[in-house]
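Notes to accompany the following structure.
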Amino acid sequence: MHFTSEQRLDDDVRERAFTLGDIPGILWTPASASPTAPAPLILLGHPPLGLRAMHPRLLDRARHCAARGFAAATIELPGSGDRPRMPGVDQARAALRQAVQAGEPVTDEIIDALILPLVDEAVPEWQTALDSLLSLPEIGGPVGYSGGVISIGVRLAAVEPRVAAAVLFAGSFVPRAVFEEARRVSIPVHVLLQWDDRGNDRQASLDLFDALGSEEKTLHANMGGHTGVPHHASDAADQFFARHLK
């Protein structure tokens, strides 16, 4: 991990950009984080729109984490930002757009081609990033995962023992294979679902929640579209992490 820039924000949150090989990332730490009092870590997932485009929303989430004593970190997803394109994923995205515009169903083949290569590449990268982040003296466990492409969150929750709790955002397409992976998830999970999200298959989200193998799992559903998550839903997610990461 190589830090490339650093700044102190007006709320005394420390923001550091880094690279992990050719993967860009950002780490935010609260003023309270130190080698003698390392901060628990929340990994901030996001959609594949590029870190530059997502930075304002990620920063807002990171500040929210820091206010509760958590460090937060994110990395650029494969095929996004300045990273090399993933031609198969780009073709699947075009096929998805064409199907939606034509009012045709989005097939399992399109969903698999769009999501599974991203999950296969992103999850090991998150694990590598976690190795480096947890080696920093001011960062400690336990670790949470929050948001992003829900299939990435499910895979990471199923295979990474250092992730102790996850908040998953329903709102992206889910391959059928991920439903089987969800049965292997055993950590506490909190799922946020926007009931009127036109781009989200509501029933698939409910089916995925049902498939999660966790003994402790909560579904927090709210009226509204994809970007209309109410403040009280965010507060509930904060309380969830406060219970499981302290």
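Residue numbering restarts at 1 for every chain of the structure tokens, chains are lettered A, B, ... in their displayed order, and ligands are numbered from 1 as they appear.
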
Using only C-alpha atoms, find each residue in stretch 117-223 of chain A having at least one atom no more than 10 Å away from stretch 45-52 of chain A; report its shortest atom-to-atom pair and that distance in Å (one decimal), rows by chain then rising number, as JSON lines.
```
{"residue": "A:Leu118", "atom": "CA", "partner": "A:Pro48", "partner_atom": "CA", "distance": 9.2}
{"residue": "A:Trp126", "atom": "CA", "partner": "A:Gly45", "partner_atom": "CA", "distance": 9.6}
{"residue": "A:Tyr145", "atom": "CA", "partner": "A:Gly45", "partner_atom": "CA", "distance": 7.1}
{"residue": "A:Ser146", "atom": "CA", "partner": "A:Gly45", "partner_atom": "CA", "distance": 5.8}
{"residue": "A:Gly147", "atom": "CA", "partner": "A:Gly45", "partner_atom": "CA", "distance": 4.8}
{"residue": "A:Gly148", "atom": "CA", "partner": "A:His46", "partner_atom": "CA", "distance": 3.6}
{"residue": "A:Val149", "atom": "CA", "partner": "A:Pro47", "partner_atom": "CA", "distance": 5.7}
{"residue": "A:Ile150", "atom": "CA", "partner": "A:Gly45", "partner_atom": "CA", "distance": 8.8}
{"residue": "A:Ile152", "atom": "CA", "partner": "A:Gly45", "partner_atom": "CA", "distance": 8.4}
{"residue": "A:Gly153", "atom": "CA", "partner": "A:Gly45", "partner_atom": "CA", "distance": 7.8}
{"residue": "A:Val167", "atom": "CA", "partner": "A:Gly45", "partner_atom": "CA", "distance": 9.8}
{"residue": "A:Leu168", "atom": "CA", "partner": "A:Gly45", "partner_atom": "CA", "distance": 9.1}
{"residue": "A:Phe169", "atom": "CA", "partner": "A:Gly45", "partner_atom": "CA", "distance": 9.4}
{"residue": "A:Gly171", "atom": "CA", "partner": "A:Pro47", "partner_atom": "CA", "distance": 9.9}
{"residue": "A:Ser172", "atom": "CA", "partner": "A:Pro47", "partner_atom": "CA", "distance": 8.7}
```

Take the residues that were just selected and, keeping C-alpha atoms, output them as an mmCIF file, in the first residue's frame.
```
data_model
loop_
_atom_site.group_PDB
_atom_site.id
_atom_site.type_symbol
_atom_site.label_atom_id
_atom_site.label_comp_id
_atom_site.auth_asym_id
_atom_site.auth_seq_id
_atom_site.Cartn_x
_atom_site.Cartn_y
_atom_site.Cartn_z
ATOM 1 C CA LEU A 118 -16.973 -8.308 -11.261
ATOM 2 C CA TRP A 126 -10.976 -6.437 -1.184
ATOM 3 C CA TYR A 145 -18.722 -4.255 5.032
ATOM 4 C CA SER A 146 -21.288 -1.712 3.883
ATOM 5 C CA GLY A 147 -23.150 -1.121 0.640
ATOM 6 C CA GLY A 148 -22.092 -1.493 -2.957
ATOM 7 C CA VAL A 149 -22.927 -4.278 -5.389
ATOM 8 C CA ILE A 150 -24.862 -6.690 -3.182
ATOM 9 C CA ILE A 152 -19.856 -8.602 -3.858
ATOM 10 C CA GLY A 153 -21.024 -8.117 -0.279
ATOM 11 C CA VAL A 167 -24.912 -3.939 5.768
ATOM 12 C CA LEU A 168 -26.051 -4.811 2.251
ATOM 13 C CA PHE A 169 -27.862 -2.430 -0.104
ATOM 14 C CA GLY A 171 -30.641 -2.530 -5.635
ATOM 15 C CA SER A 172 -28.473 -4.444 -8.089
#
```

8 Å contact set for stretch 212-223 of chain A, only C-alpha atoms, chain neighbours under 5 positions out, as a VMD selection string | chain A and resid 179 182 to 196 229 to 230 233

Find, counting only C-alpha atoms, the residue in A:Leu133, A:Ala92, A:Val100, A:Val123 that gets nearest to A:Phe18.
->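 Going through A:Leu133, A:Ala92, A:Val100, A:Val123 one by one, the smallest distance to A:Phe18 is for A:Leu133.
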
For A:Ser135, work out the shell of residues within 12 Å, counting only C-alpha atoms and skipping chain neighbours fewer than 5 positions away, then give it as a VMD selection string.
-> chain A and resid 1 35 38 41 128 to 130 140 to 141

Closest of A:Val159, A:Ala122, A:Ile115, A:Leu58 to A:Leu77 - atom-to-atom distances counting only C-alpha atoms |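 Smallest separation from A:Leu77 among the options: A:Ala122.
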
9 Å contact set for stretch 9-11 of chain A, only C-alpha atoms, chain neighbours under 3 positions out, as a VMD selection string | chain A and resid 14 to 15 30 to 31 63 67

Choose the residue, out of A:His55, A:His2, A:Arg68, A:Arg176, that has the smallest atom-to-atom separation from A:Ala242; count only C-alpha atoms.
->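 Residue with the minimum atom-to-atom distance to A:Ala242: A:Arg68.
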
Which is closer to A:Thr107 than all the others in A:Val174, A:Ala37, A:Val89, A:Val154, using only C-alpha atoms?
->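 When distances to A:Thr107 are compared using only C-alpha atoms, the smallest one comes from A:Val174.
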
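Considering the residues A:Ile42, A:Val119, A:Leu206, A:Leu96 and counting only C-alpha atoms, A:Leu156 has its shortest atom-to-atom contact with A:Val119.
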
Nearest-residue call for A:Phe241, choices A:Ala211, A:Gly144, A:Ala53, A:Ile26, using only C-alpha atoms = A:Gly144
